[in-house]
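Right, one structure below, let's go through it.
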Amino acid sequence: MEDSDYIIVGAGSAGCVLASRLTESGHHRVTVIEAGGSDRRFFVQMPLGYGKLFYDPAVNWMYSAEPDPGLNGQRDHVPRGKILGGSSSINAMVFIRGHRQDYEDWRAAGNPGWGWDDVLPAFKAMEHNEAGADAWRGQGGPLYISRNRKGLHWLVEDFIAASGEAGLPYNPDFNGAEQEGAGTYQMTIRGRRRNSAARAFLHPAMRRSNLQVITGAQVTRILFDGHRATGVEYLRDGQIFTRRARGEVILSGGAINSPQLLQLSGIGSGALLRGLGLPVLVDNPNVGAHMTDHHGLNYTWRMKVPTYNNILRPAWGKALMGLWWLLLGGGPLAKSINHGGGFFRTRPDHDRPNMQLYFQAFSTLLPRAGERPLLTPDPFPGLSLGLSNCRPTSRGHVQITTTDPLAPPEIVANAYSTPEDVEEMLLAVKVLRRIAAQPSFARWVEEELRPGPEIQSDAALIDDFRQRSGTVYHPSCTCRMGPEAASAVIDPRLRVHGTEGLRVIDAASFPNLIAGNTNAPAMMLGWKGADLVLGDAR
């Protein structure tokens with residue numbers, strides 16, 4: 001097959017941005033190879049339709065983590081996008097950059113060029129913010145960001161007021177001057193449709209003659225000449241194909257697939273690879289290690305007033321809301337589940353927020369197995385407040401257990417495996433009850449349903465969050481950035497240590513997990529990563 005200058009493995013959040021920017025000049029031929037298919041699907045385009053994608057193997061890798069002692073021995077569901085746009089095509093669309101100090105931590109870990117003042121220009125350049133440009137926000141970029149002020153459930157205002165009564169002030173922009181506070185979330189939604197990385201970056205770029213996107217193709221290994229990456233081998237329609245790269249191979253498969261592919265290609269723990277009979281090209285046990293993820297849960301109340309349960313549960317309500325969305329582009333189907341939320345500190349001596357809040361004007365306590373019924377909520381007026389830990393100290397890993405490239409890797413989260421994580425979550429769940437007890441919120445509450453008023457002791461609260469917690473779908477750091485191969489997988493220019501012509505540019509590259517949703521920083525990595533690739537080419 002025809003050679004390319006650059007091969008991008010994975011059309012996810014970072015890969016779509018890379019494809020757009022590397023083809024802008026017209027000077028480089030780029031091939032994107034994606035295991036999934038087209039994102040032109042009804043429930044992908046409908047913002048609230050992502051509940052239908054949560055267990056859909058047509059668009060989702062449908063991974064399962066190993067039984068986790070920190071979750072009372074349960075196996076967590078780990079959805080990852082297998083579709084153009086990757087997880088940006090199946091996520092909850094919340095746009096959060098992370099705290100400025102998160103990026104200062106990246107720089108302080110030996111990664112020049114990744115501090116807050118380095119990444120802020122990239123964030124501003126890639127976005128077109130509905131609220132307008134200022135010192136922190138940009139306009140004119142390809143990624144439209146909804147301000148998300150209209151069409152919200154009215155109870156979100158009382159949640160924000162109750163948060164203020166509990167000591168968490170209103171914040172008009174979590175991506176602005178300060179992150180701490182409560183407010184409404186900005187969204188990757190444009191008009192009535194999800195604004196994924198594929199819609200914002202990839203589809204416009206696909207009109208260029210120097211970009212080829214191959215879908216339904218799973219890369220099985222990276223090809224090398226010595227230690228230089230020269231191309232990839234991939235499986236499509238039952239046949240093996242080869243594509244060569246004149247310049248570089250760039251992995252953008254995400255925190256699960258990128259380390260898996262490195263290991264299958266001989267880059268990883270030497271002991272692991274030799275045990276599976278694989279030749280060792282680069283012995284680096286950091287590949288797949290240091291996995292960090294946000295974990296959280298919901299507290300749920302039965303309300304005295306209608307929530308979205310009342311309108312989305314009955315068939316007539318679904319029909320009415322569907323017409324509202326189709327004809328006028330409005331209603332709850334045009335939004336995410338998370339209308340609002342916030343960031344707070346569990347202790348005043350923390351230098352920045354360490355917990356994230358989510359406000360959801362409906363509840364799903366009664367799902368059937370293998371279903372996330374966002375479009376069929378509970379048959380009573382329910383409301384949930386959720387939270388997740390922003391800076392967990394627990395670490396997991398991703399590693400292959402077979403040489404079969406189609407077999408899922410082993411995913412070990414180790415949730416709540418440190419005393420610090422347990423203590424911080426215990427403090428955090430008490431904040432949920434404190435907010436719910438404030439006058440602006442409490443006047444609408446009939447009763448607490450989960451965990452229920454009988455759960456009061458610290459031991460009972462800990463057992464409850466171990467039993468009901470799960471990932472909030474932000475696995476990161478499995479190919480983390482750092483100056484030395486002794487503790488990292490890629491260098492500050494995102495090049496894989498011990499190789500040439502090979503980079504990892506996706507959430508796996510994070511040196512540490514940022515505070516908040518990971519879609520925005522993954523796209524920023526694609527934007528800045530393209531600058532590094534083009535700069536090295538020059």
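Every chain in the structure tokens takes a letter, A first, then B, and so on in the order presented; its residues are numbered from 1, and the ligands are numbered from 1 following the presented order.
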
Test item, strand (DSSP E) assignment across region 312-523 of chain A, answer as a PyMOL selection string: chain A and resi 340-344+355-360+382-389+397-399+410-412+445-450+470-471+502-504

Got a sec to tell me which of region 452-483 of chain A DSSP assigns to alpha helix (DSSP H), as a ChimeraX atom specification?
/A:458-468

Go ahead and dump the residues you just picked, C-alpha atoms, as a PDB file, in the first residue's frame.
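In the end it all went to result.pdb:
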```pdb
ATOM      1  CA  ASP A 458     -17.629   6.235  58.860  1.00  0.00           C
ATOM      2  CA  ALA A 459     -17.297   2.481  58.403  1.00  0.00           C
ATOM      3  CA  ALA A 460     -20.711   2.282  56.738  1.00  0.00           C
ATOM      4  CA  LEU A 461     -19.968   5.243  54.468  1.00  0.00           C
ATOM      5  CA  ILE A 462     -16.649   3.690  53.410  1.00  0.00           C
ATOM      6  CA  ASP A 463     -18.277   0.338  52.696  1.00  0.00           C
ATOM      7  CA  ASP A 464     -20.966   2.127  50.666  1.00  0.00           C
ATOM      8  CA  PHE A 465     -18.564   3.990  48.415  1.00  0.00           C
ATOM      9  CA  ARG A 466     -16.477   0.871  47.918  1.00  0.00           C
ATOM     10  CA  GLN A 467     -19.639  -1.000  46.925  1.00  0.00           C
ATOM     11  CA  ARG A 468     -21.140   1.651  44.653  1.00  0.00           C
TER      12      ARG A 468
END
```

Please identify every residue of region 47-105 of chain A that has at least one atom no farther than 6 Å from an atom of region 498-522 of chain A, counting only C-alpha atoms, and for each give the shortest atom pair and the distance in Å to one decimal, arranged by chain then increasing number, as JSON lines.
```
{"residue": "A:Phe95", "atom": "CA", "partner": "A:Ala520", "partner_atom": "CA", "distance": 5.8}
{"residue": "A:Ile96", "atom": "CA", "partner": "A:Asn517", "partner_atom": "CA", "distance": 5.5}
{"residue": "A:Arg97", "atom": "CA", "partner": "A:Ala520", "partner_atom": "CA", "distance": 5.5}
{"residue": "A:Gly98", "atom": "CA", "partner": "A:Ala515", "partner_atom": "CA", "distance": 4.8}
{"residue": "A:Asp102", "atom": "CA", "partner": "A:Ile514", "partner_atom": "CA", "distance": 5.7}
```

Kindly provide the residues of region 74-162 of chain A that approach region 11-31 of chain A to within 10 Å, each paired with its closest atom pair and their distance in Å to one decimal, based on only C-alpha atoms, listed by chain and increasing number, as a Markdown table.
```
| residue | atom | partner | partner_atom | distance |
| --- | --- | --- | --- | --- |
| A:Arg80 | CA | A:Gly12 | CA | 9.8 |
| A:Gly81 | CA | A:Gly12 | CA | 7.5 |
| A:Lys82 | CA | A:Gly12 | CA | 8.4 |
| A:Ile83 | CA | A:Ala11 | CA | 7.5 |
| A:Leu84 | CA | A:Ala11 | CA | 5.4 |
| A:Gly85 | CA | A:Gly12 | CA | 4.4 |
| A:Gly86 | CA | A:Gly12 | CA | 3.7 |
| A:Ser87 | CA | A:Gly12 | CA | 6.4 |
| A:Ser88 | CA | A:Ser13 | CA | 5.9 |
| A:Ser89 | CA | A:Gly12 | CA | 8.4 |
| A:Met126 | CA | A:Val17 | CA | 9.1 |
| A:Pro142 | CA | A:Val17 | CA | 9.7 |
| A:Leu143 | CA | A:Val17 | CA | 9.9 |
```

Dump of C-alpha atoms for the selected residues, as a PDB file, in the first residue's frame:
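Below is the file out_34.pdb, written as the result:
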```
ATOM      1  CA  ARG A  80     -13.655   3.356  25.640  1.00  0.00           C
ATOM      2  CA  GLY A  81     -14.679   4.774  22.282  1.00  0.00           C
ATOM      3  CA  LYS A  82     -14.170   2.464  19.286  1.00  0.00           C
ATOM      4  CA  ILE A  83     -15.375   4.937  16.670  1.00  0.00           C
ATOM      5  CA  LEU A  84     -14.247   8.066  14.838  1.00  0.00           C
ATOM      6  CA  GLY A  85     -13.802  10.595  17.617  1.00  0.00           C
ATOM      7  CA  GLY A  86     -12.893   7.881  20.114  1.00  0.00           C
ATOM      8  CA  SER A  87     -14.235   8.496  23.599  1.00  0.00           C
ATOM      9  CA  SER A  88     -15.186  12.068  22.615  1.00  0.00           C
ATOM     10  CA  SER A  89     -17.989  10.415  20.616  1.00  0.00           C
ATOM     11  CA  MET A 126      -8.146  25.324  19.513  1.00  0.00           C
ATOM     12  CA  PRO A 142     -12.230  24.799  15.299  1.00  0.00           C
ATOM     13  CA  LEU A 143     -13.683  23.463  18.590  1.00  0.00           C
TER      14      LEU A 143
END
```

Could you please determine the separation between CA of Lys430 (chain A) and CA of Gly51 (chain A) in Å, to one decimal place?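 Here the two named atoms are 28.1 Å from each other.
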
Would you give me, as CSV, each residue of region 416-528 of chain A having an atom within 12 Å of an atom of region 201-220 of chain A, along with its shortest atom pair and that distance in Å to one decimal, using only C-alpha atoms and sorting by chain and residue number?
```
residue,atom,partner,partner_atom,distance
A:Met523,CA,A:Phe201,CA,9.9
A:Gly526,CA,A:Phe201,CA,10.7
A:Trp527,CA,A:Phe201,CA,10.5
```

CA of Glu410 (chain A) to CA of His397 (chain A) measures 7.9 Å

Q.
Can you tell me which residues surround region 381-389 of chain A at a distance of at most 8 Å, considering only C-alpha atoms, apart from same-chain residues fewer than 3 positions away, and format the answer as a ChimeraX atom specification?
A. /A:294-310,354-363,378,392,424-425,428-429,432,472

Could you please take those selected residues and save N, CA and C atoms as an mmCIF file, in the first residue's frame?
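So result-v3.cif came out as:
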```
data_model
loop_
_atom_site.group_PDB
_atom_site.id
_atom_site.type_symbol
_atom_site.label_atom_id
_atom_site.label_comp_id
_atom_site.auth_asym_id
_atom_site.auth_seq_id
_atom_site.Cartn_x
_atom_site.Cartn_y
_atom_site.Cartn_z
ATOM 1 N N HIS A 294 -9.957 8.641 37.854
ATOM 2 C CA HIS A 294 -10.898 9.216 38.808
ATOM 3 C C HIS A 294 -11.989 8.198 39.114
ATOM 4 N N HIS A 295 -12.316 8.036 40.389
ATOM 5 C CA HIS A 295 -13.410 7.167 40.801
ATOM 6 C C HIS A 295 -14.432 7.984 41.591
ATOM 7 N N GLY A 296 -15.673 7.598 41.471
ATOM 8 C CA GLY A 296 -16.704 8.343 42.172
ATOM 9 C C GLY A 296 -18.021 7.598 42.230
ATOM 10 N N LEU A 297 -19.027 8.275 42.769
ATOM 11 C CA LEU A 297 -20.357 7.678 42.932
ATOM 12 C C LEU A 297 -21.390 8.774 43.071
ATOM 13 N N ASN A 298 -22.665 8.387 43.045
ATOM 14 C CA ASN A 298 -23.781 9.311 43.208
ATOM 15 C C ASN A 298 -24.478 9.100 44.540
ATOM 16 N N TYR A 299 -24.971 10.183 45.118
ATOM 17 C CA TYR A 299 -25.974 10.148 46.169
ATOM 18 C C TYR A 299 -27.290 10.580 45.509
ATOM 19 N N THR A 300 -28.372 9.904 45.855
ATOM 20 C CA THR A 300 -29.638 10.111 45.147
ATOM 21 C C THR A 300 -30.779 10.368 46.123
ATOM 22 N N TRP A 301 -31.661 11.301 45.736
ATOM 23 C CA TRP A 301 -32.812 11.678 46.556
ATOM 24 C C TRP A 301 -34.098 11.555 45.748
ATOM 25 N N ARG A 302 -35.180 11.186 46.434
ATOM 26 C CA ARG A 302 -36.517 11.332 45.881
ATOM 27 C C ARG A 302 -36.966 12.764 46.146
ATOM 28 N N MET A 303 -37.463 13.422 45.115
ATOM 29 C CA MET A 303 -37.791 14.836 45.227
ATOM 30 C C MET A 303 -39.305 15.057 45.323
ATOM 31 N N LYS A 304 -39.667 16.203 45.845
ATOM 32 C CA LYS A 304 -41.075 16.589 45.955
ATOM 33 C C LYS A 304 -41.594 17.237 44.676
ATOM 34 N N VAL A 305 -40.674 17.576 43.774
ATOM 35 C CA VAL A 305 -41.034 18.268 42.541
ATOM 36 C C VAL A 305 -40.549 17.446 41.352
ATOM 37 N N PRO A 306 -41.128 17.649 40.164
ATOM 38 C CA PRO A 306 -40.725 16.849 39.010
ATOM 39 C C PRO A 306 -39.268 17.085 38.617
ATOM 40 N N THR A 307 -38.633 16.001 38.216
ATOM 41 C CA THR A 307 -37.301 16.056 37.609
ATOM 42 C C THR A 307 -37.423 15.495 36.195
ATOM 43 N N TYR A 308 -36.291 15.301 35.526
ATOM 44 C CA TYR A 308 -36.367 14.745 34.179
ATOM 45 C C TYR A 308 -36.905 13.315 34.161
ATOM 46 N N ASN A 309 -36.885 12.638 35.316
ATOM 47 C CA ASN A 309 -37.513 11.314 35.375
ATOM 48 C C ASN A 309 -38.955 11.376 34.889
ATOM 49 N N ASN A 310 -39.663 12.421 35.305
ATOM 50 C CA ASN A 310 -41.085 12.504 35.018
ATOM 51 C C ASN A 310 -41.389 12.646 33.527
ATOM 52 N N ASN A 354 -9.632 19.180 45.289
ATOM 53 C CA ASN A 354 -9.272 17.772 45.102
ATOM 54 C C ASN A 354 -10.491 16.884 44.856
ATOM 55 N N MET A 355 -11.682 17.498 44.701
ATOM 56 C CA MET A 355 -12.895 16.743 44.409
ATOM 57 C C MET A 355 -13.729 17.491 43.370
ATOM 58 N N GLN A 356 -14.436 16.720 42.533
ATOM 59 C CA GLN A 356 -15.301 17.288 41.514
ATOM 60 C C GLN A 356 -16.742 16.876 41.781
ATOM 61 N N LEU A 357 -17.669 17.819 41.575
ATOM 62 C CA LEU A 357 -19.091 17.603 41.791
ATOM 63 C C LEU A 357 -19.838 17.486 40.467
ATOM 64 N N TYR A 358 -20.964 16.759 40.489
ATOM 65 C CA TYR A 358 -21.831 16.636 39.315
ATOM 66 C C TYR A 358 -23.290 16.745 39.770
ATOM 67 N N PHE A 359 -24.049 17.614 39.129
ATOM 68 C CA PHE A 359 -25.479 17.745 39.389
ATOM 69 C C PHE A 359 -26.246 17.097 38.245
ATOM 70 N N GLN A 360 -27.157 16.181 38.574
ATOM 71 C CA GLN A 360 -27.935 15.449 37.572
ATOM 72 C C GLN A 360 -29.406 15.503 37.959
ATOM 73 N N ALA A 361 -30.228 16.108 37.116
ATOM 74 C CA ALA A 361 -31.635 16.323 37.442
ATOM 75 C C ALA A 361 -32.492 15.098 37.134
ATOM 76 N N PHE A 362 -31.926 13.933 37.251
ATOM 77 C CA PHE A 362 -32.694 12.691 37.209
ATOM 78 C C PHE A 362 -31.869 11.578 37.844
ATOM 79 N N SER A 363 -32.459 10.396 37.945
ATOM 80 C CA SER A 363 -31.805 9.294 38.646
ATOM 81 C C SER A 363 -32.014 7.999 37.890
ATOM 82 N N ASP A 378 -35.653 6.414 36.526
ATOM 83 C CA ASP A 378 -36.514 5.801 37.535
ATOM 84 C C ASP A 378 -37.954 6.312 37.441
ATOM 85 N N PRO A 392 -6.261 11.165 42.910
ATOM 86 C CA PRO A 392 -6.059 9.911 43.641
ATOM 87 C C PRO A 392 -4.584 9.542 43.700
ATOM 88 N N GLU A 424 -9.930 10.798 51.962
ATOM 89 C CA GLU A 424 -10.436 11.947 51.217
ATOM 90 C C GLU A 424 -11.862 11.688 50.700
ATOM 91 N N MET A 425 -12.142 10.477 50.237
ATOM 92 C CA MET A 425 -13.491 10.184 49.754
ATOM 93 C C MET A 425 -14.495 10.190 50.897
ATOM 94 N N ALA A 428 -15.353 13.637 51.435
ATOM 95 C CA ALA A 428 -16.077 14.191 50.294
ATOM 96 C C ALA A 428 -17.551 13.820 50.308
ATOM 97 N N VAL A 429 -17.877 12.557 50.608
ATOM 98 C CA VAL A 429 -19.294 12.171 50.579
ATOM 99 C C VAL A 429 -20.085 12.914 51.649
ATOM 100 N N LEU A 432 -21.489 16.059 50.166
ATOM 101 C CA LEU A 432 -22.736 15.901 49.420
ATOM 102 C C LEU A 432 -23.947 16.055 50.327
ATOM 103 N N VAL A 472 -14.941 7.038 36.574
ATOM 104 C CA VAL A 472 -15.667 8.074 35.832
ATOM 105 C C VAL A 472 -14.990 8.283 34.471
#
```

Tell me, as a ChimeraX atom specification, which residues lie within 12 Å of Leu278 (chain A), counting only C-alpha atoms; anything in the same chain fewer than 3 positions away does not count.
/A:221,262-275,281-283,400-404

Writer output for current selection, N, CA and C atoms, as a compact mmCIF listing (two decimals), in the first residue's frame:
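See part_34.txt below for the written result:
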```
# COMPACT_ATOMS: atom_id res chain seq x y z
N ARG A 221 0.62 -4.47 15.32
CA ARG A 221 1.97 -4.26 15.82
C ARG A 221 2.62 -3.12 15.05
N LEU A 262 2.21 -0.98 22.34
CA LEU A 262 3.66 -0.95 22.60
C LEU A 262 4.14 -2.31 23.08
N GLN A 263 3.42 -2.90 24.02
CA GLN A 263 3.83 -4.19 24.55
C GLN A 263 3.80 -5.27 23.46
N LEU A 264 2.75 -5.27 22.65
CA LEU A 264 2.68 -6.25 21.56
C LEU A 264 3.82 -6.08 20.57
N SER A 265 4.40 -4.87 20.53
CA SER A 265 5.47 -4.57 19.59
C SER A 265 6.85 -4.68 20.21
N GLY A 266 6.94 -5.20 21.44
CA GLY A 266 8.24 -5.44 22.06
C GLY A 266 8.74 -4.33 22.94
N ILE A 267 7.90 -3.41 23.32
CA ILE A 267 8.30 -2.30 24.19
C ILE A 267 7.50 -2.39 25.48
N GLY A 268 8.16 -2.71 26.57
CA GLY A 268 7.48 -2.88 27.84
C GLY A 268 8.37 -3.62 28.81
N SER A 269 7.78 -4.14 29.85
CA SER A 269 8.53 -4.92 30.83
C SER A 269 9.15 -6.13 30.17
N GLY A 270 10.46 -6.23 30.27
CA GLY A 270 11.15 -7.36 29.65
C GLY A 270 10.67 -8.69 30.19
N ALA A 271 10.46 -8.75 31.50
CA ALA A 271 10.00 -9.99 32.11
C ALA A 271 8.62 -10.38 31.58
N LEU A 272 7.73 -9.40 31.45
CA LEU A 272 6.39 -9.68 30.93
C LEU A 272 6.47 -10.19 29.49
N LEU A 273 7.23 -9.49 28.67
CA LEU A 273 7.28 -9.84 27.25
C LEU A 273 7.95 -11.20 27.03
N ARG A 274 9.07 -11.44 27.72
CA ARG A 274 9.75 -12.72 27.57
C ARG A 274 8.86 -13.87 28.05
N GLY A 275 8.08 -13.60 29.11
CA GLY A 275 7.17 -14.63 29.62
C GLY A 275 6.10 -15.02 28.61
N LEU A 281 12.30 -5.38 22.42
CA LEU A 281 13.00 -4.31 21.71
C LEU A 281 13.49 -3.27 22.69
N VAL A 282 12.64 -2.85 23.61
CA VAL A 282 13.00 -1.89 24.66
C VAL A 282 12.42 -2.40 25.97
N ASP A 283 13.28 -2.67 26.93
CA ASP A 283 12.84 -3.14 28.25
C ASP A 283 12.50 -1.91 29.10
N ILE A 400 -0.69 -6.70 28.67
CA ILE A 400 -1.19 -7.81 27.87
C ILE A 400 -0.99 -9.12 28.64
N THR A 401 -1.83 -10.09 28.36
CA THR A 401 -1.71 -11.41 28.96
C THR A 401 -1.53 -12.49 27.90
N THR A 402 -1.52 -12.07 26.63
CA THR A 402 -1.38 -12.98 25.51
C THR A 402 -0.78 -12.22 24.34
N THR A 403 -0.26 -12.95 23.38
CA THR A 403 0.27 -12.31 22.18
C THR A 403 -0.83 -12.02 21.15
N ASP A 404 -2.05 -12.42 21.44
CA ASP A 404 -3.17 -12.17 20.54
C ASP A 404 -3.53 -10.69 20.57
```

Please list as a short mmCIF file (atom, residue, chain, number, x, y, z; two decimals) with N, CA and C atoms, in the first residue's frame every residue within 9 Å of region 99-101 of chain A, counting only C-alpha atoms and excluding residues in the same chain fewer than 3 positions away.
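The result, stored in selection22.cif:
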```cif
data_model
loop_
_atom_site.label_atom_id
_atom_site.label_comp_id
_atom_site.auth_asym_id
_atom_site.auth_seq_id
_atom_site.Cartn_x
_atom_site.Cartn_y
_atom_site.Cartn_z
N ILE A 96 -13.48 20.47 30.53
CA ILE A 96 -12.69 20.96 31.66
C ILE A 96 -11.21 20.84 31.31
N GLU A 104 1.66 22.90 35.99
CA GLU A 104 2.92 23.26 36.64
C GLU A 104 3.60 22.01 37.21
N ASP A 105 2.80 21.07 37.68
CA ASP A 105 3.34 19.79 38.14
C ASP A 105 3.97 19.02 36.98
N TRP A 106 3.34 19.08 35.79
CA TRP A 106 3.93 18.42 34.63
C TRP A 106 5.32 18.99 34.35
N GLY A 115 4.18 23.55 31.17
CA GLY A 115 3.60 24.31 32.26
C GLY A 115 2.34 25.03 31.82
N TRP A 116 1.66 25.68 32.77
CA TRP A 116 0.39 26.34 32.47
C TRP A 116 0.53 27.40 31.39
N ASP A 117 1.58 28.21 31.47
CA ASP A 117 1.77 29.25 30.45
C ASP A 117 2.09 28.67 29.08
N LEU A 120 -1.71 26.96 27.97
CA LEU A 120 -2.85 27.87 27.83
C LEU A 120 -3.01 28.39 26.40
N PHE A 174 -15.27 27.36 35.15
CA PHE A 174 -14.27 26.48 35.76
C PHE A 174 -12.96 26.47 34.99
N ASN A 175 -12.97 26.97 33.76
CA ASN A 175 -11.76 27.06 32.94
C ASN A 175 -11.19 28.47 32.92
N GLU A 178 -10.27 30.87 38.21
CA GLU A 178 -10.21 29.92 39.31
C GLU A 178 -11.06 28.71 38.97
N GLN A 179 -10.68 27.56 39.50
CA GLN A 179 -11.44 26.34 39.27
C GLN A 179 -12.46 26.07 40.38
N ARG A 352 -5.41 23.37 46.39
CA ARG A 352 -6.32 23.45 45.24
C ARG A 352 -7.42 22.40 45.43
N PRO A 353 -8.49 22.51 44.64
CA PRO A 353 -9.57 21.53 44.78
C PRO A 353 -9.09 20.11 44.52
N ILE A 514 -4.94 15.10 35.56
CA ILE A 514 -5.41 16.45 35.84
C ILE A 514 -6.72 16.40 36.63
N ALA A 515 -7.08 17.51 37.25
CA ALA A 515 -8.31 17.61 38.02
C ALA A 515 -9.46 17.96 37.09
N GLY A 516 -10.26 16.97 36.75
CA GLY A 516 -11.40 17.22 35.89
C GLY A 516 -11.46 16.22 34.75
#
```

Q.
If I take CA of Pro409 (chain A) and CA of Asn60 (chain A), how far is one from the other in Å, to one decimal?
A.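 Rounded to one decimal, the two atoms are 14.9 Å apart.
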